[in-house]
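Enquirer: So that you have it, the file is run-v7.cif, and it contains mmCIF, C-alpha atoms and all ligand atoms:
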data_target
#
loop_
_atom_site.label_atom_id
_atom_site.label_comp_id
_atom_site.auth_asym_id
_atom_site.auth_seq_id
_atom_site.Cartn_x
_atom_site.Cartn_y
_atom_site.Cartn_z
CA VAL Y 206 -45.71 20.52 -20.99
CA SER Y 207 -48.56 21.94 -18.93
CA GLY Y 208 -48.14 23.29 -15.44
CA ARG Y 209 -45.65 25.76 -14.04
CA THR Y 210 -41.94 25.79 -13.49
CA VAL Y 211 -40.51 27.49 -10.46
CA ARG Y 212 -36.83 28.19 -10.63
CA VAL Y 213 -35.02 27.70 -7.31
CA ALA Y 214 -31.71 29.46 -6.83
CA ASN Y 215 -29.09 27.00 -5.65
CA GLU Y 216 -26.73 28.99 -3.49
CA ALA Y 217 -25.41 25.80 -1.95
CA ALA Y 218 -23.91 24.71 -5.26
CA ARG Y 219 -21.94 27.93 -5.63
CA GLU Y 220 -18.41 27.09 -4.63
CA ALA Y 221 -17.28 29.11 -1.64
CA ALA Y 222 -13.62 30.10 -1.66
CA TYR Y 223 -11.42 28.90 1.17
CA ASP Y 224 -7.84 29.43 2.29
CA VAL Y 225 -5.13 26.81 2.32
CA VAL Y 226 -2.60 28.04 4.89
CA VAL Y 227 0.81 26.48 4.26
CA GLY Y 228 3.82 27.08 6.47
CA PRO Y 229 6.12 25.61 9.09
CA GLY Y 230 4.40 26.12 12.46
CA ALA Y 231 0.98 26.83 10.90
CA LEU Y 232 -0.60 24.17 13.11
CA ARG Y 233 0.14 26.36 16.15
CA ASP Y 234 -2.17 28.99 14.64
CA LEU Y 235 -5.05 26.52 14.14
CA PRO Y 236 -7.22 27.96 16.96
CA GLN Y 237 -6.97 31.54 15.65
CA LEU Y 238 -7.38 30.47 12.02
CA LEU Y 239 -10.39 28.33 12.88
CA ARG Y 240 -11.95 31.14 14.94
CA SER Y 241 -11.56 33.59 12.08
CA VAL Y 242 -13.56 31.45 9.62
CA LEU Y 243 -15.97 29.72 12.03
CA PRO Y 244 -16.62 31.82 15.12
CA ALA Y 245 -17.83 30.05 18.28
CA ARG Y 246 -18.09 26.53 16.98
CA ARG Y 247 -17.98 23.31 18.95
CA CYS Y 248 -15.23 21.20 17.33
CA ALA Y 249 -15.17 17.47 16.73
CA VAL Y 250 -11.54 16.63 15.97
CA ILE Y 251 -11.33 13.36 14.01
CA ALA Y 252 -7.96 11.60 13.58
CA PRO Y 253 -6.47 8.12 13.18
CA ALA Y 254 -5.06 6.82 16.47
CA ASP Y 255 -1.40 7.14 15.39
CA VAL Y 256 -1.78 10.77 14.29
CA ALA Y 257 -3.81 11.44 17.45
CA ARG Y 258 -0.82 10.39 19.57
CA MET Y 259 1.68 12.33 17.48
CA HIS Y 260 -0.20 15.53 16.60
CA ALA Y 261 -3.99 15.64 16.98
CA ARG Y 262 -4.23 15.34 20.76
CA ALA Y 263 -1.94 18.37 21.13
CA ALA Y 264 -3.93 20.28 18.51
CA CYS Y 265 -7.16 19.44 20.33
CA ASP Y 266 -5.66 20.64 23.63
CA ALA Y 267 -4.58 23.88 21.95
CA LEU Y 268 -8.12 24.45 20.68
CA ARG Y 269 -9.40 23.99 24.24
CA ALA Y 270 -6.73 26.26 25.66
CA ALA Y 271 -7.96 28.91 23.22
CA GLY Y 272 -11.45 28.57 24.72
CA LEU Y 273 -12.98 26.37 22.05
CA ASP Y 274 -15.10 23.36 23.01
CA ALA Y 275 -13.10 20.60 21.29
CA GLU Y 276 -13.34 16.83 21.61
CA LEU Y 277 -11.14 14.16 19.99
CA PHE Y 278 -12.57 11.14 18.13
CA THR Y 279 -10.17 8.50 16.78
CA PHE Y 280 -10.30 5.54 14.39
CA ALA Y 281 -7.84 2.75 13.50
CA PRO Y 282 -5.19 4.03 11.02
CA GLY Y 283 -5.23 2.86 7.42
CA GLU Y 284 -7.37 2.51 4.31
CA ALA Y 285 -9.33 -0.35 5.94
CA SER Y 286 -11.04 2.30 8.10
CA LYS Y 287 -12.43 4.24 5.13
CA THR Y 288 -15.79 2.47 5.36
CA ARG Y 289 -19.45 3.06 6.03
CA GLU Y 290 -18.92 1.19 9.33
CA SER Y 291 -16.37 3.79 10.51
CA TRP Y 292 -18.67 6.55 9.27
CA ALA Y 293 -21.52 5.02 11.30
CA ALA Y 294 -19.36 4.66 14.42
CA LEU Y 295 -18.15 8.27 14.19
CA THR Y 296 -21.58 9.76 13.54
CA ASP Y 297 -23.01 7.68 16.42
CA ALA Y 298 -20.25 8.97 18.71
CA LEU Y 299 -21.02 12.56 17.67
CA LEU Y 300 -24.72 12.02 18.30
CA ALA Y 301 -24.00 10.49 21.72
CA ALA Y 302 -21.84 13.50 22.58
CA ARG Y 303 -24.73 15.75 21.45
CA PHE Y 304 -22.88 17.58 18.72
CA GLY Y 305 -25.40 19.85 16.99
CA ARG Y 306 -25.66 22.02 13.92
CA ASP Y 307 -23.46 24.63 15.58
CA SER Y 308 -20.47 22.25 15.42
CA CYS Y 309 -17.63 21.83 12.99
CA ILE Y 310 -15.45 18.87 12.01
CA VAL Y 311 -11.66 19.13 12.12
CA ALA Y 312 -10.02 16.29 10.16
CA ILE Y 313 -6.38 15.72 11.21
CA GLY Y 314 -4.45 13.03 9.35
CA GLY Y 315 -3.72 11.69 5.88
CA GLY Y 316 -6.11 11.27 2.98
CA VAL Y 317 -8.03 8.57 4.80
CA ALA Y 318 -8.85 10.95 7.68
CA GLY Y 319 -9.76 13.71 5.24
CA ASP Y 320 -12.05 11.52 3.14
CA LEU Y 321 -13.70 9.78 6.11
CA ALA Y 322 -14.08 12.80 8.43
CA GLY Y 323 -15.02 14.86 5.37
CA PHE Y 324 -17.85 12.46 4.61
CA VAL Y 325 -18.97 12.71 8.25
CA ALA Y 326 -18.96 16.50 7.84
CA ALA Y 327 -20.86 16.27 4.55
CA THR Y 328 -23.65 14.19 6.08
CA TYR Y 329 -23.88 14.88 9.82
CA MET Y 330 -27.04 16.96 10.42
CA ARG Y 331 -27.09 17.43 6.62
CA GLY Y 332 -23.68 19.02 6.60
CA LEU Y 333 -21.27 20.71 9.00
CA PRO Y 334 -18.35 22.99 8.15
CA LEU Y 335 -15.09 21.10 7.65
CA VAL Y 336 -11.51 22.07 8.46
CA GLN Y 337 -8.76 19.92 6.94
CA VAL Y 338 -5.40 19.52 8.67
CA PRO Y 339 -3.49 17.20 6.31
CA THR Y 340 -0.52 15.42 7.92
CA THR Y 341 0.80 13.35 4.98
CA LEU Y 342 2.46 14.91 1.95
CA LEU Y 343 -0.17 13.24 -0.25
CA ALA Y 344 -3.00 14.83 1.72
CA MET Y 345 -1.23 18.23 1.64
CA VAL Y 346 -0.58 18.33 -2.12
CA ASP Y 347 -3.75 16.55 -3.20
CA ALA Y 348 -6.45 15.04 -0.97
CA SER Y 349 -7.21 17.97 1.34
CA VAL Y 350 -8.09 20.30 -1.54
CA GLY Y 351 -10.96 19.95 -4.00
CA GLY Y 352 -13.87 18.86 -1.85
CA LYS Y 353 -14.06 15.14 -2.60
CA THR Y 354 -15.02 13.08 0.45
CA GLY Y 355 -16.17 9.50 0.79
CA VAL Y 356 -15.63 5.90 1.76
CA ASP Y 357 -14.73 2.61 0.08
CA THR Y 358 -17.12 -0.32 -0.42
CA ALA Y 359 -16.63 -3.96 -1.36
CA ALA Y 360 -17.40 -2.96 -4.96
CA GLY Y 361 -14.53 -0.49 -5.11
CA LYS Y 362 -12.77 2.56 -3.71
CA ASN Y 363 -14.43 5.93 -3.15
CA LEU Y 364 -17.78 4.76 -4.52
CA VAL Y 365 -19.94 6.37 -1.81
CA GLY Y 366 -19.27 9.98 -1.01
CA ALA Y 367 -20.05 13.63 -1.52
CA PHE Y 368 -18.52 16.88 -2.72
CA HIS Y 369 -18.01 18.87 0.48
CA PRO Y 370 -15.26 21.49 0.21
CA PRO Y 371 -13.52 22.53 3.44
CA ARG Y 372 -13.79 26.03 4.93
CA LEU Y 373 -10.10 26.05 5.77
CA VAL Y 374 -7.02 23.89 5.16
CA VAL Y 375 -3.96 24.15 7.43
CA ALA Y 376 -0.83 22.38 6.10
CA ASP Y 377 2.18 22.46 8.41
CA PRO Y 378 5.35 20.90 6.90
CA LEU Y 379 6.73 20.33 10.44
CA VAL Y 380 4.23 17.49 11.05
CA LEU Y 381 5.95 15.53 8.27
CA ALA Y 382 8.88 14.93 10.66
CA THR Y 383 7.09 11.81 11.90
CA LEU Y 384 6.01 10.54 8.46
CA PRO Y 385 7.77 7.41 7.09
CA ALA Y 386 9.98 8.14 4.05
CA ASP Y 387 7.91 5.99 1.68
CA GLU Y 388 4.80 8.05 2.53
CA LEU Y 389 6.77 11.20 1.61
CA ARG Y 390 7.71 9.65 -1.73
CA ALA Y 391 4.09 8.63 -2.37
CA GLY Y 392 3.04 12.25 -1.94
CA LEU Y 393 5.78 13.39 -4.31
CA ALA Y 394 4.26 11.23 -7.05
CA GLU Y 395 1.11 13.39 -7.07
CA ALA Y 396 3.22 16.56 -7.11
CA VAL Y 397 5.12 15.20 -10.13
CA LYS Y 398 1.72 14.59 -11.74
CA HIS Y 399 0.86 18.28 -11.27
CA GLY Y 400 4.13 19.25 -12.93
CA VAL Y 401 3.70 16.87 -15.86
CA MET Y 402 0.15 17.96 -16.61
CA LEU Y 403 0.15 21.62 -15.66
CA ASP Y 404 3.51 23.33 -15.20
CA ALA Y 405 6.86 22.53 -16.84
CA SER Y 406 8.79 24.92 -14.57
CA TYR Y 407 7.32 23.21 -11.51
CA PHE Y 408 8.42 19.85 -12.98
CA ALA Y 409 11.94 21.29 -13.29
CA TRP Y 410 11.79 22.73 -9.76
CA ILE Y 411 10.90 19.32 -8.34
CA ALA Y 412 13.82 17.75 -10.22
CA ASP Y 413 16.14 20.35 -8.63
CA HIS Y 414 14.75 19.97 -5.10
CA VAL Y 415 13.97 16.26 -4.65
CA GLY Y 416 16.72 15.95 -2.04
CA ASP Y 417 15.45 18.94 -0.03
CA VAL Y 418 11.88 17.66 -0.07
CA LEU Y 419 12.85 14.12 0.93
CA GLY Y 420 15.08 15.66 3.61
CA ARG Y 421 11.93 17.43 4.90
CA ASP Y 422 13.46 20.87 4.45
CA ALA Y 423 10.57 23.07 5.63
CA ALA Y 424 11.00 25.78 3.00
CA ALA Y 425 11.16 23.24 0.16
CA VAL Y 426 8.11 21.35 1.42
CA GLU Y 427 6.25 24.64 1.82
CA HIS Y 428 6.94 25.58 -1.80
CA LEU Y 429 6.00 22.13 -3.05
CA VAL Y 430 2.70 22.07 -1.18
CA ALA Y 431 1.78 25.65 -2.05
CA ARG Y 432 2.53 25.21 -5.78
CA SER Y 433 0.69 21.88 -6.02
CA VAL Y 434 -2.31 23.35 -4.22
CA GLU Y 435 -2.30 26.38 -6.54
CA LEU Y 436 -2.22 24.15 -9.61
CA LYS Y 437 -4.90 21.77 -8.35
CA ALA Y 438 -7.09 24.65 -7.12
CA ALA Y 439 -7.06 26.30 -10.54
CA VAL Y 440 -8.29 23.07 -12.16
CA VAL Y 441 -10.93 22.47 -9.49
CA ALA Y 442 -12.21 26.05 -9.78
CA GLU Y 443 -12.68 25.47 -13.51
CA ASP Y 444 -14.51 22.17 -13.03
CA PRO Y 445 -15.59 21.56 -9.39
CA PHE Y 446 -17.73 18.49 -10.09
CA GLU Y 447 -15.37 16.70 -12.48
CA GLN Y 448 -17.35 17.04 -15.67
CA GLY Y 449 -14.45 18.06 -17.87
CA MET Y 450 -11.00 19.47 -17.24
CA ARG Y 451 -10.65 18.05 -13.72
CA ALA Y 452 -10.00 14.72 -15.47
CA VAL Y 453 -6.42 15.91 -16.14
CA LEU Y 454 -5.71 15.20 -12.46
CA ASN Y 455 -6.35 11.52 -13.21
CA PHE Y 456 -3.17 11.15 -15.28
CA GLY Y 457 -1.57 7.83 -14.31
CA HIS Y 458 -4.63 6.82 -12.35
CA THR Y 459 -6.36 4.46 -14.81
CA VAL Y 460 -3.37 2.12 -14.81
CA ALA Y 461 -2.73 2.82 -11.11
CA HIS Y 462 -6.27 1.79 -10.29
CA ALA Y 463 -5.87 -1.52 -12.14
CA LEU Y 464 -2.53 -2.06 -10.41
CA GLU Y 465 -3.96 -1.38 -6.96
CA GLN Y 466 -6.92 -3.62 -7.65
CA SER Y 467 -4.79 -6.50 -8.92
CA ALA Y 468 -2.58 -6.15 -5.81
CA ASP Y 469 -5.69 -6.22 -3.62
CA TRP Y 470 -4.95 -2.61 -2.53
CA SER Y 471 -1.70 -3.64 -0.81
CA LEU Y 472 0.31 -1.24 -3.01
CA ALA Y 473 0.79 2.38 -1.86
CA HIS Y 474 -1.36 4.65 -4.03
CA GLY Y 475 1.49 7.03 -4.85
CA PHE Y 476 3.72 4.17 -5.98
CA ALA Y 477 0.94 2.84 -8.22
CA VAL Y 478 0.41 6.33 -9.65
CA ALA Y 479 4.14 6.67 -10.40
CA ALA Y 480 4.21 3.43 -12.39
CA GLY Y 481 0.86 4.33 -13.97
CA MET Y 482 2.11 7.69 -15.22
CA VAL Y 483 5.03 6.11 -17.09
CA VAL Y 484 2.85 3.42 -18.68
CA GLU Y 485 0.17 5.93 -19.67
CA ALA Y 486 2.66 8.48 -21.02
CA ARG Y 487 4.28 5.74 -23.09
CA ALA Y 488 0.86 4.62 -24.35
CA GLY Y 489 0.15 8.27 -25.18
CA GLU Y 490 3.35 8.40 -27.23
CA ILE Y 491 2.38 5.23 -29.09
CA ALA Y 492 -1.08 6.65 -29.79
CA GLY Y 493 0.49 9.86 -31.13
CA VAL Y 494 -1.08 12.03 -28.41
CA THR Y 495 2.01 12.62 -26.30
CA ASP Y 496 5.31 14.03 -27.60
CA ALA Y 497 8.05 11.42 -27.96
CA GLY Y 498 10.48 11.40 -25.04
CA THR Y 499 7.93 12.56 -22.46
CA ALA Y 500 7.59 9.18 -20.73
CA ALA Y 501 11.36 8.87 -20.40
CA ARG Y 502 11.60 12.30 -18.71
CA VAL Y 503 8.76 11.40 -16.31
CA ALA Y 504 10.43 8.06 -15.54
CA ALA Y 505 13.78 9.74 -14.84
CA LEU Y 506 12.27 12.21 -12.37
CA LEU Y 507 10.30 9.46 -10.61
CA ARG Y 508 13.47 7.36 -10.26
CA SER Y 509 15.28 10.29 -8.67
CA CYS Y 510 12.38 10.55 -6.18
CA GLY Y 511 12.92 6.90 -5.26
CA LEU Y 512 9.64 5.99 -6.92
CA PRO Y 513 9.02 3.09 -9.30
CA ASP Y 514 8.98 3.85 -13.02
CA SER Y 515 7.22 0.63 -13.96
CA PRO Y 516 4.70 -1.78 -12.46
CA PRO Y 517 6.10 -4.68 -10.43
CA GLN Y 518 7.03 -7.50 -12.84
CA SER Y 519 4.77 -9.87 -10.98
CA ARG Y 520 1.73 -7.67 -11.71
CA LEU Y 521 2.21 -7.12 -15.44
CA ALA Y 522 0.24 -10.17 -16.56
CA GLN Y 523 -2.73 -9.21 -14.40
CA LEU Y 524 -3.00 -5.60 -15.51
CA LEU Y 525 -4.87 -5.88 -18.79
CA PRO Y 526 -7.37 -8.41 -17.37
CA ALA Y 527 -7.94 -6.05 -14.41
CA MET Y 528 -8.59 -3.18 -16.81
CA ARG Y 529 -10.98 -5.36 -18.85
CA LEU Y 530 -12.90 -6.21 -15.68
CA ASP Y 531 -13.02 -2.56 -14.72
CA LYS Y 532 -14.35 -1.72 -18.17
CA LYS Y 533 -17.11 -4.29 -17.76
CA ALA Y 534 -17.96 -2.98 -14.29
CA ARG Y 535 -18.20 0.59 -15.59
CA ALA Y 536 -19.84 -0.44 -18.85
CA ALA Y 537 -17.41 1.83 -20.68
CA GLU Y 538 -14.00 1.89 -22.35
CA PRO Y 539 -11.37 3.24 -19.99
CA ARG Y 540 -10.30 6.75 -20.98
CA PHE Y 541 -6.92 8.32 -20.25
CA ALA Y 542 -5.89 11.81 -19.27
CA LEU Y 543 -2.55 12.37 -21.00
CA PRO Y 544 0.11 15.05 -21.26
CA ARG Y 545 0.73 16.61 -24.68
CA ARG Y 546 4.21 17.35 -23.39
CA ILE Y 547 5.71 18.09 -19.97
CA GLY Y 548 3.62 20.88 -18.44
CA GLU Y 549 0.66 20.68 -20.80
CA PRO Y 550 -2.41 18.41 -20.85
CA ALA Y 551 -3.59 16.98 -24.17
CA ARG Y 552 -7.04 17.80 -25.50
CA ASP Y 553 -8.69 16.29 -28.56
CA ASP Y 554 -10.34 18.20 -31.42
CA ALA Y 555 -13.78 17.81 -29.82
CA GLY Y 556 -12.47 19.40 -26.61
CA SER Y 557 -12.27 16.24 -24.52
CA TRP Y 558 -9.54 15.99 -21.89
CA THR Y 559 -9.42 12.19 -22.07
CA PHE Y 560 -8.52 9.71 -24.80
CA PRO Y 561 -9.44 6.10 -25.49
CA ILE Y 562 -6.28 3.99 -25.72
CA GLY Y 563 -6.46 0.62 -27.44
CA GLU Y 564 -5.32 -2.55 -25.74
CA ASP Y 565 -2.54 -2.92 -28.32
CA ALA Y 566 -0.97 0.39 -27.34
CA LEU Y 567 -1.34 -0.45 -23.67
CA GLU Y 568 0.21 -3.85 -24.18
CA THR Y 569 3.18 -2.32 -25.99
CA ALA Y 570 3.53 0.31 -23.26
CA LEU Y 571 3.48 -2.40 -20.59
CA ALA Y 572 5.99 -4.50 -22.54
CA GLY Y 573 8.26 -1.43 -22.68
CA ALA Y 574 7.89 -1.16 -18.94
CA ALA Y 575 8.99 -4.76 -18.60
CA ARG Y 576 12.04 -4.32 -20.85
CA GLU Y 577 13.46 -1.15 -19.35
CA PRO Y 578 15.22 -1.84 -16.08
CA ARG Y 579 14.79 0.42 -13.06
CA THR Y 580 18.35 1.65 -13.08
CA VAL Y 581 19.24 5.02 -14.62
N1 LIG V 1 -10.26 13.41 -1.65
C1 LIG V 1 -9.32 13.43 -2.57
O1 LIG V 1 -9.32 14.27 -3.45
C2 LIG V 1 -8.21 12.42 -2.52
C3 LIG V 1 -7.11 12.57 -3.35
C4 LIG V 1 -6.07 11.66 -3.25
C5 LIG V 1 -6.17 10.61 -2.35
N2 LIG V 1 -7.28 10.49 -1.56
C6 LIG V 1 -7.39 9.38 -0.61
O2 LIG V 1 -6.35 9.51 0.35
C7 LIG V 1 -6.08 8.23 0.89
C8 LIG V 1 -4.59 8.03 1.01
O3 LIG V 1 -4.08 9.04 1.85
P1 LIG V 1 -2.65 8.91 2.53
O4 LIG V 1 -1.69 8.45 1.54
O5 LIG V 1 -2.42 10.19 3.22
O6 LIG V 1 -2.85 7.67 3.52
P2 LIG V 1 -3.34 7.58 5.04
O7 LIG V 1 -4.30 8.64 5.38
O8 LIG V 1 -3.76 6.19 5.29
O9 LIG V 1 -1.99 7.86 5.84
C9 LIG V 1 -0.96 6.90 5.80
C10 LIG V 1 -0.53 6.45 7.19
O10 LIG V 1 0.26 7.46 7.80
C11 LIG V 1 -0.29 7.84 9.05
N3 LIG V 1 0.06 9.26 9.22
C12 LIG V 1 -0.57 10.34 8.75
N4 LIG V 1 0.11 11.45 9.03
C13 LIG V 1 1.22 11.08 9.70
C14 LIG V 1 2.33 11.78 10.25
N5 LIG V 1 2.45 13.12 10.13
N6 LIG V 1 3.29 11.07 10.89
C15 LIG V 1 3.21 9.71 10.97
N7 LIG V 1 2.18 8.99 10.46
C16 LIG V 1 1.20 9.68 9.83
C17 LIG V 1 -1.75 7.54 8.90
O11 LIG V 1 -2.44 7.44 10.11
C18 LIG V 1 -1.69 6.22 8.16
O12 LIG V 1 -1.39 5.19 9.04
C19 LIG V 1 -6.76 7.22 -0.03
O13 LIG V 1 -7.90 6.71 0.64
C20 LIG V 1 -7.19 8.05 -1.22
O14 LIG V 1 -8.36 7.55 -1.83
C21 LIG V 1 -8.28 11.36 -1.64
ZN ZN V 2 -4.04 9.98 -6.65
#
Could you show the structure in this file as structure tokens?
Expert:
Amino acid sequence: VSGRTVRVANEAAREAAYDVVVGPGALRDLPQLLRSVLPARRCAVIAPADVARMHARAACDALRAAGLDAELFTFAPGEASKTRESWAALTDALLAARFGRDSCIVAIGGGVAGDLAGFVAATYMRGLPLVQVPTTLLAMVDASVGGKTGVDTAAGKNLVGAFHPPRLVVADPLVLATLPADELRAGLAEAVKHGVMLDASYFAWIADHVGDVLGRDAAAVEHLVARSVELKAAVVAEDPFEQGMRAVLNFGHTVAHALEQSADWSLAHGFAVAAGMVVEARAGEIAGVTDAGTAARVAALLRSCGLPDSPPQSRLAQLLPAMRLDKKARAAEPRFALPRRIGEPARDDAGSWTFPIGEDALETALAGAAREPRTV
């Protein structure tokens, strides 16, 4: 090739470290924490309307009381708001309020708020610093960490987005007091996933403390969130842009995705992931990747969390067709992240963290799910 090549250093791509502050009452310290990482910023606080009433309005007032210029922007609660339309409405509102490059975005809410406000932060004026204040257990243990932001489209979930890691995450177990019990359970499913794939002693700890966590015991929730964040952070640090090992965090998610799709997204994500983990672990056992007995142990822990250990009967027939459709849409065989055994992800001889699983194995795994009743 003729001509010259100029190498451009890409500082922006170097992952900056950030703190996840976990503790009962941590939200009270938001103004000081925010000040220490982002001095003298104008703050756009973005929250769903329900969380605004319960927590975000007070947090916004506290920022103002601490001398910060903070303004609250709300959107309708729920996954239906994770769209380009909401992104457009929020960015228009920020422009109208003359937020400039000296601003920051504070996302307060569940994973929807984090993904949507995070995508606003990733794109507004080519990127503003982001602070995540997760208020669901799912957002605390999973969504607020790792830098994925984005919105859904008619073609599928999370298809338009950006990697935009936060500068600070503040997780306060006390805000879970207002969270419905099923949302707590949904978050637990992702924590169980971290135990299954990454840490057998954490898996055992969850089994011993399910009651405390579901009872919203602050110390138990603090440990759960901190340990899940540690485990996820270690994987993300290894593979920030999901080119390899980060795939292990998708355990249960290939089947969950098909389940959610076939239910037209009416099923809670955490519940779909719970059922998906059992089906995938069982398929892994059939394929000889996963140690025998693993799926049964995962199923038992999920049951004790009040989570499903199999897909709803009414969905079973639609699952394989949904996965076939997905395969056509992606022009690729679905691949599965699987545990070798509790606490350890499986890796093939070529170093891949995912495995192709044949339809036969999946069918048998699903049939097993249909045969085994939910009771212990
Ligand atoms: N970025 C990531 O890495 C990542 C990871 C996992 C999930 N996600 C995304 O997260 C989303 C799901 O998040 P979710 O389960 O938190 O749902 P959600 O954000 O919709 O929250 C569930 C409901 O609870 C309300 N809520 C939030 N906190 C509350 C509180 N403390 N008290 C009472 N109500 C409260 C919300 O407003 C909403 O109505 C999905 O869109 C998913 O794609 C993203
Ligand atoms: Zn998930």
Enquirer: Choose the residue, out of Y:Ile491, Y:Ile313, Y:Ile547, Y:Ala504, that has the smallest atom-to-atom separation from ligand LIG 1 (chain V); count all atoms listed in the file.
Expert: Y:Ile313
Enquirer: Residues near Y:Ala497, anyone? I mean within 12 Å using only C-alpha atoms, not counting same-chain ones fewer than 2 positions away, as a list in words.
Expert: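 Surrounding residues, per the criterion: Ala486, Arg487, Ala488, Gly489, Glu490, Ile491, Ala492, Gly493, Val494, Thr495, Thr499, Ala500, Ala501, Arg502, Val503, Pro544, Arg545, Arg546 and Ile547 of chain Y.
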Enquirer: Would you mind telling me which residue in Y:Ala254, Y:Leu393, Y:Ala431, Y:Ala326 lies nearest to Y:Arg372 when using only C-alpha atoms?
Expert: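 Counting only C-alpha atoms, the residue closest to Y:Arg372 is Y:Ala326.
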Enquirer: Write out as a ChimeraX atom specification each polymer residue (protein, DNA or RNA) that has an atom no more than 6 Å from ligand LIG 1 (chain V), with only C-alpha atoms and all ligand atoms counted.
Expert: /Y:253,255-256,282-284,314-318,320,340-341,343-344,347-348,351,353-354,380-381,383-384
Enquirer: My list of candidates is Y:Gly475, Y:Gly498, Y:Gly305, Y:Pro539. Which is closest to ligand ZN 2 (chain V) when distances are computed with all atoms listed in the file?
Expert: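 The closest residue to ligand ZN 2 (chain V) is Y:Gly475.
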